[in-house]
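The file final.cif contains mmCIF, C-alpha atoms; chains and numbers go by the auth columns:
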data_structure
#
loop_
_atom_site.group_PDB
_atom_site.id
_atom_site.type_symbol
_atom_site.label_atom_id
_atom_site.label_comp_id
_atom_site.label_asym_id
_atom_site.label_seq_id
_atom_site.Cartn_x
_atom_site.Cartn_y
_atom_site.Cartn_z
_atom_site.B_iso_or_equiv
_atom_site.auth_seq_id
_atom_site.auth_asym_id
ATOM 1 C CA ASP A 1 0.000 0.000 0.000 0.00 1 A
ATOM 2 C CA GLU A 2 1.574 3.307 -1.132 0.00 2 A
ATOM 3 C CA ASN A 3 0.020 5.344 1.706 0.00 3 A
ATOM 4 C CA ARG A 4 1.950 3.392 4.375 0.00 4 A
ATOM 5 C CA ILE A 5 5.389 3.692 2.783 0.00 5 A
ATOM 6 C CA TRP A 6 7.026 4.934 6.016 0.00 6 A
ATOM 7 C CA GLU A 7 5.780 1.875 7.899 0.00 7 A
ATOM 8 C CA ILE A 8 6.482 -0.710 5.214 0.00 8 A
ATOM 9 C CA GLY A 9 9.922 0.391 3.998 0.00 9 A
ATOM 10 C CA PHE A 10 11.611 -1.136 0.966 0.00 10 A
ATOM 11 C CA VAL A 11 12.661 -4.620 -0.110 0.00 11 A
ATOM 12 C CA ASN A 12 15.972 -5.236 -1.851 0.00 12 A
ATOM 13 C CA LEU A 13 14.976 -7.347 -4.865 0.00 13 A
ATOM 14 C CA ARG A 14 18.388 -9.055 -5.120 0.00 14 A
ATOM 15 C CA THR A 15 18.713 -10.151 -1.508 0.00 15 A
ATOM 16 C CA GLY A 16 15.098 -10.008 -0.344 0.00 16 A
ATOM 17 C CA GLU A 17 16.219 -7.976 2.670 0.00 17 A
ATOM 18 C CA LYS A 18 13.710 -5.503 4.146 0.00 18 A
ATOM 19 C CA ILE A 19 15.088 -1.935 4.422 0.00 19 A
ATOM 20 C CA ASP A 20 13.457 0.558 6.776 0.00 20 A
ATOM 21 C CA ALA A 21 12.422 3.875 5.261 0.00 21 A
ATOM 22 C CA ASN A 22 14.374 7.027 6.095 0.00 22 A
ATOM 23 C CA TRP A 23 14.622 10.465 4.493 0.00 23 A
ATOM 24 C CA ASN A 24 17.628 9.595 2.328 0.00 24 A
ATOM 25 C CA ARG A 25 16.049 6.432 0.892 0.00 25 A
ATOM 26 C CA MET A 26 12.705 8.177 0.491 0.00 26 A
ATOM 27 C CA PHE A 27 14.344 10.946 -1.529 0.00 27 A
ATOM 28 C CA GLN A 28 16.151 8.350 -3.699 0.00 28 A
ATOM 29 C CA PHE A 29 12.889 6.533 -4.333 0.00 29 A
ATOM 30 C CA LEU A 30 10.991 9.710 -5.219 0.00 30 A
ATOM 31 C CA TYR A 31 13.850 10.933 -7.416 0.00 31 A
ATOM 32 C CA MET A 32 13.959 7.635 -9.344 0.00 32 A
ATOM 33 C CA GLN A 33 10.170 7.385 -9.730 0.00 33 A
ATOM 34 C CA TYR A 34 9.304 11.092 -10.259 0.00 34 A
ATOM 35 C CA THR A 35 12.452 12.775 -11.595 0.00 35 A
ATOM 36 C CA ALA A 36 10.715 15.730 -13.274 0.00 36 A
ATOM 37 C CA PHE A 37 8.579 16.451 -10.224 0.00 37 A
ATOM 38 C CA CYS A 38 11.655 16.381 -7.930 0.00 38 A
ATOM 39 C CA PHE A 39 13.472 18.761 -10.266 0.00 39 A
ATOM 40 C CA VAL A 40 10.543 21.207 -10.133 0.00 40 A
ATOM 41 C CA VAL A 41 10.349 21.007 -6.321 0.00 41 A
ATOM 42 C CA ILE A 42 14.104 21.663 -5.967 0.00 42 A
ATOM 43 C CA LEU A 43 13.915 24.526 -8.474 0.00 43 A
ATOM 44 C CA CYS A 44 10.971 26.047 -6.563 0.00 44 A
ATOM 45 C CA ALA A 45 12.884 25.814 -3.281 0.00 45 A
ATOM 46 C CA ILE A 46 15.953 27.543 -4.742 0.00 46 A
ATOM 47 C CA MET A 47 13.888 30.251 -6.451 0.00 47 A
ATOM 48 C CA SER A 48 11.954 30.866 -3.223 0.00 48 A
ATOM 49 C CA VAL A 49 15.218 31.638 -1.435 0.00 49 A
ATOM 50 C CA VAL A 50 16.415 33.888 -4.298 0.00 50 A
ATOM 51 C CA LEU A 51 13.111 35.799 -4.539 0.00 51 A
ATOM 52 C CA GLY A 52 12.933 36.099 -0.756 0.00 52 A
ATOM 53 C CA GLY A 53 16.395 37.675 -0.727 0.00 53 A
ATOM 54 C CA PHE A 54 15.428 39.990 -3.601 0.00 54 A
ATOM 55 C CA PHE A 55 12.287 41.068 -1.733 0.00 55 A
ATOM 56 C CA LEU A 56 14.185 41.654 1.527 0.00 56 A
ATOM 57 C CA TYR A 57 16.869 43.713 -0.227 0.00 57 A
ATOM 58 C CA HIS A 58 14.293 46.022 -1.814 0.00 58 A
ATOM 59 C CA PHE A 59 12.170 46.169 1.312 0.00 59 A
ATOM 60 C CA ILE A 60 15.193 47.252 3.362 0.00 60 A
ATOM 61 C CA ILE A 61 16.340 49.966 0.930 0.00 61 A
ATOM 62 C CA ILE A 62 12.823 51.348 0.644 0.00 62 A
ATOM 63 C CA ALA A 63 12.221 51.237 4.393 0.00 63 A
ATOM 64 C CA SER A 64 15.563 52.733 5.355 0.00 64 A
ATOM 65 C CA ARG A 65 16.231 55.331 2.657 0.00 65 A
ATOM 66 C CA ASN A 66 13.213 55.439 0.321 0.00 66 A
ATOM 67 C CA ARG A 67 15.537 55.008 -2.669 0.00 67 A
ATOM 68 C CA THR A 68 15.293 52.640 -5.577 0.00 68 A
ATOM 69 C CA THR A 69 18.200 50.454 -6.652 0.00 69 A
ATOM 70 C CA SER A 70 18.795 52.677 -9.658 0.00 70 A
ATOM 71 C CA GLU A 71 18.933 55.832 -7.529 0.00 71 A
ATOM 72 C CA ARG A 72 21.282 54.120 -5.084 0.00 72 A
ATOM 73 C CA PHE A 73 23.742 53.176 -7.839 0.00 73 A
ATOM 74 C CA LYS A 74 23.543 56.607 -9.474 0.00 74 A
ATOM 75 C CA VAL A 75 24.308 58.316 -6.159 0.00 75 A
ATOM 76 C CA ALA A 76 27.212 55.917 -5.523 0.00 76 A
ATOM 77 C CA THR A 77 28.655 56.537 -9.008 0.00 77 A
ATOM 78 C CA TYR A 78 28.311 60.304 -8.723 0.00 78 A
ATOM 79 C CA THR A 79 29.803 60.320 -5.208 0.00 79 A
ATOM 80 C CA SER A 80 32.811 58.287 -6.338 0.00 80 A
ATOM 81 C CA PHE A 81 33.259 60.702 -9.262 0.00 81 A
ATOM 82 C CA LEU A 82 33.236 63.665 -6.847 0.00 82 A
ATOM 83 C CA ARG A 83 35.698 61.929 -4.514 0.00 83 A
ATOM 84 C CA GLU A 84 38.035 61.275 -7.464 0.00 84 A
ATOM 85 C CA ARG A 85 37.796 64.941 -8.493 0.00 85 A
ATOM 86 C CA GLN A 86 38.654 65.934 -4.931 0.00 86 A
ATOM 87 C CA ARG A 87 41.717 63.658 -4.950 0.00 87 A
ATOM 88 C CA GLU A 88 42.903 65.153 -8.265 0.00 88 A
ATOM 89 C CA ILE A 89 42.442 68.700 -6.995 0.00 89 A
ATOM 90 C CA VAL A 90 44.154 68.018 -3.656 0.00 90 A
ATOM 91 C CA THR A 91 47.109 66.353 -5.401 0.00 91 A
ATOM 92 C CA PHE A 92 47.482 69.260 -7.807 0.00 92 A
ATOM 93 C CA PHE A 93 47.047 71.821 -5.010 0.00 93 A
ATOM 94 C CA MET A 94 49.725 70.141 -2.889 0.00 94 A
ATOM 95 C CA GLU A 95 52.165 69.998 -5.777 0.00 95 A
ATOM 96 C CA THR A 96 51.546 73.581 -6.913 0.00 96 A
ATOM 97 C CA TYR A 97 51.130 75.386 -3.591 0.00 97 A
ATOM 98 C CA LYS A 98 53.554 73.521 -1.351 0.00 98 A
ATOM 99 C CA ASP A 99 53.888 76.459 1.033 0.00 99 A
ATOM 100 C CA LEU A 100 50.129 76.808 1.738 0.00 100 A
ATOM 101 C CA ASP A 101 48.216 74.742 4.286 0.00 101 A
ATOM 102 C CA LEU A 102 45.105 73.307 2.602 0.00 102 A
ATOM 103 C CA ASP A 103 43.071 73.081 5.825 0.00 103 A
ATOM 104 C CA ASP A 104 43.690 76.758 6.628 0.00 104 A
ATOM 105 C CA GLU A 105 42.738 77.752 3.088 0.00 105 A
ATOM 106 C CA ILE A 106 39.490 75.764 3.326 0.00 106 A
ATOM 107 C CA ASP A 107 38.597 77.374 6.655 0.00 107 A
ATOM 108 C CA LYS A 108 39.247 80.854 5.226 0.00 108 A
ATOM 109 C CA TRP A 109 37.149 80.152 2.146 0.00 109 A
ATOM 110 C CA LYS A 110 34.238 78.749 4.192 0.00 110 A
ATOM 111 C CA SER A 111 34.229 81.801 6.478 0.00 111 A
ATOM 112 C CA LYS A 112 34.137 84.168 3.470 0.00 112 A
ATOM 113 C CA ASN A 113 31.546 82.127 1.538 0.00 113 A
ATOM 114 C CA PRO A 114 28.527 80.961 3.544 0.00 114 A
ATOM 115 C CA ILE A 115 26.553 77.966 2.278 0.00 115 A
ATOM 116 C CA SER A 116 23.486 79.936 1.303 0.00 116 A
ATOM 117 C CA GLY A 117 23.623 81.957 -1.840 0.00 117 A
ATOM 118 C CA ASN A 118 22.126 82.851 -5.146 0.00 118 A
ATOM 119 C CA THR A 119 20.887 79.693 -6.907 0.00 119 A
ATOM 120 C CA LYS A 120 22.315 80.873 -10.229 0.00 120 A
ATOM 121 C CA GLU A 121 25.720 81.416 -8.630 0.00 121 A
ATOM 122 C CA VAL A 122 25.630 78.030 -6.868 0.00 122 A
ATOM 123 C CA ASN A 123 24.740 76.271 -10.133 0.00 123 A
ATOM 124 C CA LYS A 124 27.544 78.117 -11.914 0.00 124 A
ATOM 125 C CA ARG A 125 29.991 76.899 -9.265 0.00 125 A
ATOM 126 C CA ARG A 126 28.653 73.343 -9.511 0.00 126 A
ATOM 127 C CA LYS A 127 29.196 73.362 -13.273 0.00 127 A
ATOM 128 C CA LEU A 128 32.743 74.571 -12.679 0.00 128 A
ATOM 129 C CA LEU A 129 33.364 71.691 -10.302 0.00 129 A
ATOM 130 C CA LEU A 130 31.766 69.054 -12.502 0.00 130 A
ATOM 131 C CA ARG A 131 33.509 69.950 -15.747 0.00 131 A
ATOM 132 C CA LYS A 132 35.704 67.006 -16.617 0.00 132 A
ATOM 133 C CA GLU A 133 38.387 69.307 -18.000 0.00 133 A
ATOM 134 C CA ILE A 134 38.638 71.447 -14.852 0.00 134 A
ATOM 135 C CA ASP A 135 41.583 73.779 -15.330 0.00 135 A
ATOM 136 C CA LEU A 136 44.368 72.422 -13.176 0.00 136 A
ATOM 137 C CA LYS A 137 46.836 75.225 -13.944 0.00 137 A
ATOM 138 C CA PRO A 138 49.298 76.990 -11.665 0.00 138 A
ATOM 139 C CA GLU A 139 47.929 80.395 -12.795 0.00 139 A
ATOM 140 C CA ASN A 140 44.646 79.773 -11.001 0.00 140 A
ATOM 141 C CA LYS A 141 44.413 81.137 -7.487 0.00 141 A
ATOM 142 C CA PRO A 142 44.335 78.756 -4.504 0.00 142 A
ATOM 143 C CA ASP A 143 40.743 79.896 -3.850 0.00 143 A
ATOM 144 C CA PHE A 144 39.703 78.207 -7.089 0.00 144 A
ATOM 145 C CA TYR A 145 40.810 74.787 -5.858 0.00 145 A
ATOM 146 C CA VAL A 146 39.553 75.282 -2.324 0.00 146 A
ATOM 147 C CA GLU A 147 36.153 76.297 -3.662 0.00 147 A
ATOM 148 C CA ALA A 148 36.032 73.186 -5.844 0.00 148 A
ATOM 149 C CA LEU A 149 36.882 70.979 -2.852 0.00 149 A
ATOM 150 C CA VAL A 150 34.278 72.566 -0.590 0.00 150 A
ATOM 151 C CA LEU A 151 31.617 72.421 -3.298 0.00 151 A
ATOM 152 C CA ALA A 152 32.334 68.733 -3.855 0.00 152 A
ATOM 153 C CA GLU A 153 31.972 68.074 -0.128 0.00 153 A
ATOM 154 C CA ARG A 154 28.671 69.980 -0.003 0.00 154 A
ATOM 155 C CA GLU A 155 27.439 68.120 -3.072 0.00 155 A
ATOM 156 C CA ILE A 156 28.239 64.769 -1.431 0.00 156 A
ATOM 157 C CA ALA A 157 26.439 65.853 1.750 0.00 157 A
ATOM 158 C CA MET A 158 23.366 66.828 -0.296 0.00 158 A
ATOM 159 C CA LEU A 159 23.396 63.441 -2.034 0.00 159 A
ATOM 160 C CA LYS A 160 23.309 61.614 1.296 0.00 160 A
ATOM 161 C CA GLU A 161 20.123 63.447 2.274 0.00 161 A
ATOM 162 C CA ASN A 162 17.080 62.123 0.466 0.00 162 A
ATOM 163 C CA ALA A 163 14.265 64.643 0.181 0.00 163 A
ATOM 164 C CA TYR A 164 11.708 61.831 -0.239 0.00 164 A
ATOM 165 C CA ASN A 165 12.681 59.944 2.918 0.00 165 A
ATOM 166 C CA LYS A 166 9.734 60.160 5.342 0.00 166 A
ATOM 167 C CA GLY A 167 10.918 57.618 7.898 0.00 167 A
ATOM 168 C CA ARG A 168 10.762 53.809 7.858 0.00 168 A
ATOM 169 C CA TRP A 169 7.048 53.212 8.440 0.00 169 A
ATOM 170 C CA ASN A 170 5.858 56.101 6.278 0.00 170 A
ATOM 171 C CA ASN A 171 8.137 54.919 3.448 0.00 171 A
ATOM 172 C CA ILE A 172 6.672 51.422 3.660 0.00 172 A
ATOM 173 C CA LYS A 173 3.127 52.816 3.876 0.00 173 A
ATOM 174 C CA GLU A 174 3.772 54.961 0.804 0.00 174 A
ATOM 175 C CA VAL A 175 4.963 51.927 -1.186 0.00 175 A
ATOM 176 C CA MET A 176 2.097 49.687 -0.026 0.00 176 A
ATOM 177 C CA PHE A 177 -0.566 52.388 -0.438 0.00 177 A
ATOM 178 C CA PRO A 178 0.705 54.918 -2.997 0.00 178 A
ATOM 179 C CA PRO A 179 -0.821 58.391 -2.777 0.00 179 A
ATOM 180 C CA ARG A 180 -3.414 59.160 -5.385 0.00 180 A
ATOM 181 C CA THR A 181 -2.635 62.089 -7.640 0.00 181 A
#
Would you put the structure from the file into structure tokens?
Amino acid sequence: DENRIWEIGFVNLRTGEKIDANWNRMFQFLYMQYTAFCFVVILCAIMSVVLGGFFLYHFIIIASRNRTTSERFKVATYTSFLRERQREIVTFFMETYKDLDLDDEIDKWKSKNPISGNTKEVNKRRKLLLRKEIDLKPENKPDFYVEALVLAEREIAMLKENAYNKGRWNNIKEVMFPPRT
């Protein structure tokens, strides 16, 4: 009787010996009798783990930062670009202006130039910083390089703040029940 397979066990046809059923032998039996079904069950188990991980990853980034994967990678790429620009500028500054202390120059520039300012002027400065072919020439004043460094740092700080982040539970609520427009 197939319904009592755990009680009956198996019989070795060569020796006639009765073998008690266990998980290993049961799996062998099912695999030999229902190969396609076993393959589908194993595939479903693996895909359940993969999809569960995918869901958890997205749930965590939405709950913690309210950012999509694409936004996260764009911010990371842009931040690494800004950090690289900072390294280039610092290296050039140190080679060109060996007698000046970079930290002192940054402090002076920050005290003369508060964060707030004309949006047009701020955008103009951002474009200056982001130009790939930024003029690394000795003729430029130290202020030029200090300004570029400070602007890059401010830009990175702005990227870390997400204007759409409303807190964990509100982020989740917004994804589960999107606002109607």
Apply the PyMOL selection byres ((chain A and resi 148-155) around 6) to the file shown and report the selected residues as a PDB file with C-alpha atoms, in the coordinates of the input.
ATOM      1  CA  LEU A  82      33.236  63.665  -6.847  1.00  0.00           C
ATOM      2  CA  GLN A  86      38.654  65.934  -4.931  1.00  0.00           C
ATOM      3  CA  LEU A 129      33.364  71.691 -10.302  1.00  0.00           C
ATOM      4  CA  TYR A 145      40.810  74.787  -5.858  1.00  0.00           C
ATOM      5  CA  VAL A 146      39.553  75.282  -2.324  1.00  0.00           C
ATOM      6  CA  GLU A 147      36.153  76.297  -3.662  1.00  0.00           C
ATOM      7  CA  ILE A 156      28.239  64.769  -1.431  1.00  0.00           C
ATOM      8  CA  ALA A 157      26.439  65.853   1.750  1.00  0.00           C
ATOM      9  CA  MET A 158      23.366  66.828  -0.296  1.00  0.00           C
TER      10      MET A 158
END
Requested in this report: Run the PyMOL selection byres ((chain A and resi 159-166) around 9) against the file shown and list the residues it catches, as a ChimeraX atom specification.
Outcome: /A:62-67,75,78-79,154-158,167-171
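For the file at hand, the PyMOL selection byres ((chain A and resi 5-10) around 10) resolves to Asp1, Glu2, Asn3, Arg4, Val11, Asn12, Leu13, Gly16, Glu17, Lys18, Ile19, Asp20, Ala21, Asn22, Trp23, Arg25, Met26 and Phe29 of chain A.
Note that atom CA of Leu43 of chain A and atom CA of Tyr31 of chain A are 13.6 Å apart.
The spacing separating atom CA of Ile172 of chain A from atom CA of Ile46 of chain A amounts to 27.0 Å.
Minimum atom-to-atom distance to Val175 of chain A, evaluated using all atoms listed in the file, belongs to A:Phe59 out of A:Ser111, A:Asp104, A:Ala76, A:Phe59.
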Completion step: segment 155-166 of chain A with N, CA, C and O atoms as a PDB file, in the coordinates of the input:
ATOM      1  N   GLU A 155      28.220  68.923  -2.125  1.00  0.00           N
ATOM      2  CA  GLU A 155      27.439  68.120  -3.072  1.00  0.00           C
ATOM      3  C   GLU A 155      27.259  66.701  -2.537  1.00  0.00           C
ATOM      4  O   GLU A 155      26.173  66.136  -2.593  1.00  0.00           O
ATOM      5  N   ILE A 156      28.311  66.120  -1.997  1.00  0.00           N
ATOM      6  CA  ILE A 156      28.239  64.769  -1.431  1.00  0.00           C
ATOM      7  C   ILE A 156      27.291  64.753  -0.235  1.00  0.00           C
ATOM      8  O   ILE A 156      26.481  63.834  -0.089  1.00  0.00           O
ATOM      9  N   ALA A 157      27.347  65.773   0.593  1.00  0.00           N
ATOM     10  CA  ALA A 157      26.439  65.853   1.750  1.00  0.00           C
ATOM     11  C   ALA A 157      24.983  65.943   1.295  1.00  0.00           C
ATOM     12  O   ALA A 157      24.096  65.326   1.887  1.00  0.00           O
ATOM     13  N   MET A 158      24.736  66.710   0.225  1.00  0.00           N
ATOM     14  CA  MET A 158      23.366  66.828  -0.296  1.00  0.00           C
ATOM     15  C   MET A 158      22.884  65.495  -0.859  1.00  0.00           C
ATOM     16  O   MET A 158      21.708  65.149  -0.739  1.00  0.00           O
ATOM     17  N   LEU A 159      23.786  64.730  -1.469  1.00  0.00           N
ATOM     18  CA  LEU A 159      23.396  63.441  -2.034  1.00  0.00           C
ATOM     19  C   LEU A 159      22.990  62.456  -0.943  1.00  0.00           C
ATOM     20  O   LEU A 159      22.136  61.613  -1.170  1.00  0.00           O
ATOM     21  N   LYS A 160      23.625  62.542   0.215  1.00  0.00           N
ATOM     22  CA  LYS A 160      23.309  61.614   1.296  1.00  0.00           C
ATOM     23  C   LYS A 160      21.931  61.874   1.880  1.00  0.00           C
ATOM     24  O   LYS A 160      21.297  60.971   2.396  1.00  0.00           O
ATOM     25  N   GLU A 161      21.464  63.119   1.789  1.00  0.00           N
ATOM     26  CA  GLU A 161      20.123  63.447   2.274  1.00  0.00           C
ATOM     27  C   GLU A 161      19.129  63.169   1.153  1.00  0.00           C
ATOM     28  O   GLU A 161      19.304  63.603   0.037  1.00  0.00           O
ATOM     29  N   ASN A 162      18.094  62.433   1.457  1.00  0.00           N
ATOM     30  CA  ASN A 162      17.080  62.123   0.466  1.00  0.00           C
ATOM     31  C   ASN A 162      15.818  62.909   0.813  1.00  0.00           C
ATOM     32  O   ASN A 162      15.218  62.693   1.864  1.00  0.00           O
ATOM     33  N   ALA A 163      15.422  63.784  -0.077  1.00  0.00           N
ATOM     34  CA  ALA A 163      14.265  64.643   0.181  1.00  0.00           C
ATOM     35  C   ALA A 163      12.970  63.844   0.305  1.00  0.00           C
ATOM     36  O   ALA A 163      12.007  64.300   0.920  1.00  0.00           O
ATOM     37  N   TYR A 164      12.930  62.639  -0.255  1.00  0.00           N
ATOM     38  CA  TYR A 164      11.708  61.831  -0.239  1.00  0.00           C
ATOM     39  C   TYR A 164      11.641  60.883   0.953  1.00  0.00           C
ATOM     40  O   TYR A 164      10.667  60.165   1.111  1.00  0.00           O
ATOM     41  N   ASN A 165      12.668  60.835   1.771  1.00  0.00           N
ATOM     42  CA  ASN A 165      12.681  59.944   2.918  1.00  0.00           C
ATOM     43  C   ASN A 165      11.761  60.492   4.001  1.00  0.00           C
ATOM     44  O   ASN A 165      11.981  61.568   4.528  1.00  0.00           O
ATOM     45  N   LYS A 166      10.724  59.718   4.342  1.00  0.00           N
ATOM     46  CA  LYS A 166       9.734  60.160   5.342  1.00  0.00           C
ATOM     47  C   LYS A 166       9.791  59.319   6.616  1.00  0.00           C
ATOM     48  O   LYS A 166       8.876  59.367   7.417  1.00  0.00           O
TER      49      LYS A 166
END
